[in-house]
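S.K.: Please see the structure below; I have some questions.
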Amino acid sequence: MSTPISSAKPVVTRFAPSPTGYLHIGGARTALFNWLYARHTGGKFLLRIEDTDRNRHTPEAVDAILDGLKWLGLDWDGEPLSQFSRGTRHAEVAHELLAAGKAYRCYLSPEELTAARAQAEAEKRPFTVQSPWRDRDPATAPAGISGVVRFRAPLDGETVVDDIVQGRVVFQNKELDDLVILRSDGSPIYNLAVVVDDHDMAVTHVLRGVDHLTNAARQTQIYQAMGWDVPVFGHVPLIHGADGAKLSKRHGALGIEAYRGMGYLPSALKNYLVRLGWSHGDDEIFPLEKMIEWFDLTSLGKSAARMDFKKLADTNAHYIRETPDAELLAQIEVVLPELGADRAPASFTASQRAQMLALMPDLKPRAQTLREIVNGAAAIFAKRPLDEKGAKLLDVDAKATLSMNVESFAIMSNQNWDAQSLEAKVRENADNTGNKLGKLAQPLRVAITGTTVSPPIFKLMEVLGFDETMKRLKETID
RNA sequence: GGUCCCUUCGUCUAUCGGUUAGGACACGAGAUUUUCAAUCUUGGAAGACGGGUUCGACUCCCGUAGGGACCGCCA
């Protein structure tokens with residue numbers, strides 16, 4: 001793979017989303033790859049908003065994309081560039097092409113075009129635009145209408161895209177028709193704008209989805225017509241849903257903010273995404289420094305990957321366990337309102353925060369998402385609605401053991417009210433009555449949490465404190 | 001339909017002509033255990049198919065099948 005440009009100039013990559021919606025998972029990965037490569041090489045990572053189609057772009061979408069990138073920690077160099085703002089420059093290049101005879105004005109109406117397309121389809125014939133205006137004398141142009149500007153694409157030969165991911169991909173020029181570069185209102189079309197901007201921004205590496213592969217051929221022709229250096233192209237495979245079909249909203253084409261709301265850590269999401277289409281031997285976990293150090297373009301795969309939420313969850317669980325308690329709590333508090341946790345408040349009180357922190361070591365191994373952490377701590381936030389299993393467990397026998405325990409707890413106080421002492425006490429009670437620990441612990445769990453499943457009960461009792469615990473126990477016995 | 005791309009355990013992937021085809025997730029079993037997890041041990045699980053090339057193919061070539069992308073005055 002030859003990369004003549006990269007060896008000479010400092011690397012410049014870019015992420016160029018169209019602001020028609022949120023930042024989805026595929027876009028996030030594309031951004032990640034570009035960011036990683038720029039950071040790996042010490043080059044620049046630029047951001048450009050492809051908003052030339054004024055009918056389709058929304059300011060909200062721009063914000064969503066920027067927020068998503070920020071949350072992921074993908075910082076860009078310089079200000080984001082609005083492609084729309086460069087309209088005059090795009091038109092200028094189009095007119096250069098026009099003047100050089102490498103483009104021409106075409107007065108074919110949209111209606112004529114659709115009709116021709118329909119006819120080709122009916123005859124099961126491949127359709128390529130063949131404009132009669134390509135060779136017609138401009139002097140014969142119809143008065144009153146401005147027409148579009150089409151690129152005069154070469155008729156014979158081939159256009160080669162030397163792709164760092166896809167390899168050498170050859171397109172026959174006869175398959176590539178004369179694409180519109182300027183609309184009849186004079187505004188630029190994507191393929192022109194991209195080439196002009198990438199050139200002007202000195203972009204050296206264009207990493208994007210394979211859905212742009214044919215565009216790369218057309219863009220290559222424009223580069224050549226302008227006599228500009230073609231950047232290194234790298235077209236990465238797409239991400240599919242778990243069923244192998246195109247990613248739809250149902251299976252993961254959610255906005256990045258949806259993943260944040262579900263309680264995924266940005267570090268985990270990046271780690272998961274980088275492994276979709278890229279590998280480094282048998283390694284699975286990449287601390288950010290390693291990700292940057294090891295990321296390269298030659299280890300990118302060509303086949304599409306499926307979204308696997310189980311693995312994402314596992315990766316997230318890993319990063320949850322790695323993150324220090326206080327930092328994790330801070331991250332939870334940032335997204336708490338989005339988490340939709342069962343019985344959690346919108347924000348923590350000081351004492352709840354302290355309780356969360358104390359319980360964190362026991363919460364972490366039990367959770368795959370931040371949402372699950374908060375759910376695991378439900379006993380802190382709320383009274384405990386008794387669930388079915390809990391109610392069933394709380395029979396006469398269980399209540400008897402509860403009473404026994406309450407009596408022995410009564411002589412304790414906030415001074416020695418800790419998990420260790422509590423467990424010792426209950427073990428003692430169990431031994432004295434010839435019971436296993438579980439026989440006495442489960443009723444305690446149900447009485448205090450309302451459920452049969454919770455973080456370690458003695459730790460929970462410690463965190464809740466003497467008064468609250470005794471209150472709950474007594475309420476259950478009565 | 002045309003053009004282009006893809007195909008190793010269920011999933012993500014390693015292998016870059018010679019391996020008992022490795023790892024991770026998921027799944028099964030066991031250990032541990034106050035519940036649930038976590039943790040440890042452990043098991044099953046793959047080169048789409050058919051032809052070549054070669055002393056030797058998962059690796060190279062051709063074909064078939066299946067999948068995908070693109071074919072706008074969208075990006």
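Every chain in the structure tokens has a letter given in the order shown (A, B, ...), and although residue numbers restart at 1 in each chain, ligands are simply numbered from 1 in the order shown.
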With only C-alpha atoms (C1' of nucleotides) as the counted atoms, please give the residues lying no more than 10 Å from segment 186-199 of chain A, apart from itself and same-chain residues fewer than 5 positions off, as JSON, numbers by chain.
M.R.: {"A": [12, 13, 14, 16, 48, 50, 51, 52, 53, 54, 81, 83, 84, 86, 87, 88, 89, 90, 91, 92, 93, 94, 146, 147, 148, 149, 151, 179, 180, 181, 204, 205, 206, 215, 216, 218, 219, 220, 221, 222, 223, 226, 228, 229, 230, 231], "B": [73, 74, 75]}
S.K.: Could you please tell me, as a list of chain:residue names, which residues of chain B have an atom within 7 Å of chain A when using only C-alpha atoms (C1' of nucleotides)?
M.R.: B:G1, B:G2, B:C6, B:U11, B:C12, B:A14, B:G23, B:A24, B:C25, B:U34, B:U35, B:C36, B:A37, B:A38, B:A69, B:C70, B:C73, B:A75
S.K.: Based on the backbone DSSP call, show me all residues of segment 229-422 of chain A assigned strand (DSSP E or B), as JSON, numbers by chain.
M.R.: {"A": [232, 233, 234, 235, 236, 239, 240, 246, 255, 278, 300, 305, 306]}
S.K.: Which is closest to C16 of chain B among A:Thr401, A:Thr298, A:Gln355, A:Asn34, if we use only C-alpha atoms (C1' of nucleotides)?
M.R.: A:Thr298
S.K.: Apply DSSP to the structure's backbone, then extract all residues of segment 354-435 of chain A labelled alpha helix (DSSP H) and return them as an MDAnalysis selection string.
M.R.: chainID A and resid 354:363 370:376 378:381 388:393 396:410 419:432
S.K.: Please list as a list in words every residue within 10 Å of G17 of chain B, counting only C-alpha atoms (C1' of nucleotides) and excluding residues in the same chain fewer than 5 positions away.
M.R.: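 Once the nearby chain positions are removed, what remains is U54, G56, A57, U59 and C60 of chain B.
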S.K.: Go ahead and save the residues from that selection, with C-alpha atoms (C1' of nucleotides), as a short mmCIF file (atom, residue, chain, number, x, y, z; two decimals), in the first residue's frame.
M.R.:
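Generated file (result26.cif):
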data_model
loop_
_atom_site.label_atom_id
_atom_site.label_comp_id
_atom_site.auth_asym_id
_atom_site.auth_seq_id
_atom_site.Cartn_x
_atom_site.Cartn_y
_atom_site.Cartn_z
"C1'" U B 54 1.65 -26.16 -4.58
"C1'" G B 56 1.85 -28.64 1.54
"C1'" A B 57 -3.60 -24.40 1.68
"C1'" U B 59 -4.08 -18.29 3.82
"C1'" C B 60 -2.87 -17.59 -3.57
#
S.K.: Which residue is closest to Asp162 of chain A? Choose from A:Asn435, A:Arg136, A:Val232, A:Ala350 and count only C-alpha atoms.
M.R.: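 Of A:Asn435, A:Arg136, A:Val232, A:Ala350, the one nearest Asp162 of chain A, counting only C-alpha atoms, is A:Val232.
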S.K.: Using only C-alpha atoms (C1' of nucleotides), determine which residues lie at most 9 Å from Arg29 of chain A, disregarding the query and same-chain residues fewer than 6 positions distant; provide the list as a list of chain:residue names.
M.R.: A:Lys270, A:Leu273, A:Val274, A:Leu276
S.K.: Tell me which of A:Phe286, A:Phe348, A:Tyr259, A:Phe33 sits closest to Ile380 of chain A, counting only C-alpha atoms.
M.R.: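 So, comparing all the options, the nearest one is A:Phe348.
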S.K.: Residues at most 9 Å from Thr476 of chain A, counting only C-alpha atoms (C1' of nucleotides), excluding those fewer than 3 positions away in the same chain, as a PDB file with C-alpha atoms, in the first residue's frame?
M.R.:
ATOM      1  CA  LEU A 394     -41.245 -13.880  55.097  1.00  0.00           C
ATOM      2  CA  LYS A 399     -40.138 -13.511  61.355  1.00  0.00           C
ATOM      3  CA  LEU A 402     -35.871 -11.616  62.642  1.00  0.00           C
ATOM      4  CA  ALA A 447     -37.026  -6.993  55.610  1.00  0.00           C
ATOM      5  CA  ILE A 448     -34.490  -4.321  54.717  1.00  0.00           C
ATOM      6  CA  LYS A 471     -36.825   0.880  61.979  1.00  0.00           C
ATOM      7  CA  ARG A 472     -37.216  -1.295  58.916  1.00  0.00           C
ATOM      8  CA  LEU A 473     -36.769  -4.497  60.843  1.00  0.00           C
TER       9      LEU A 473
END
S.K.: To one decimal in Å, tell me the separation between atom CA of Pro385 of chain A and atom CA of Gly450 of chain A.
M.R.: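 Computed distance, atom CA of Pro385 of chain A to atom CA of Gly450 of chain A, equals 5.6 Å.
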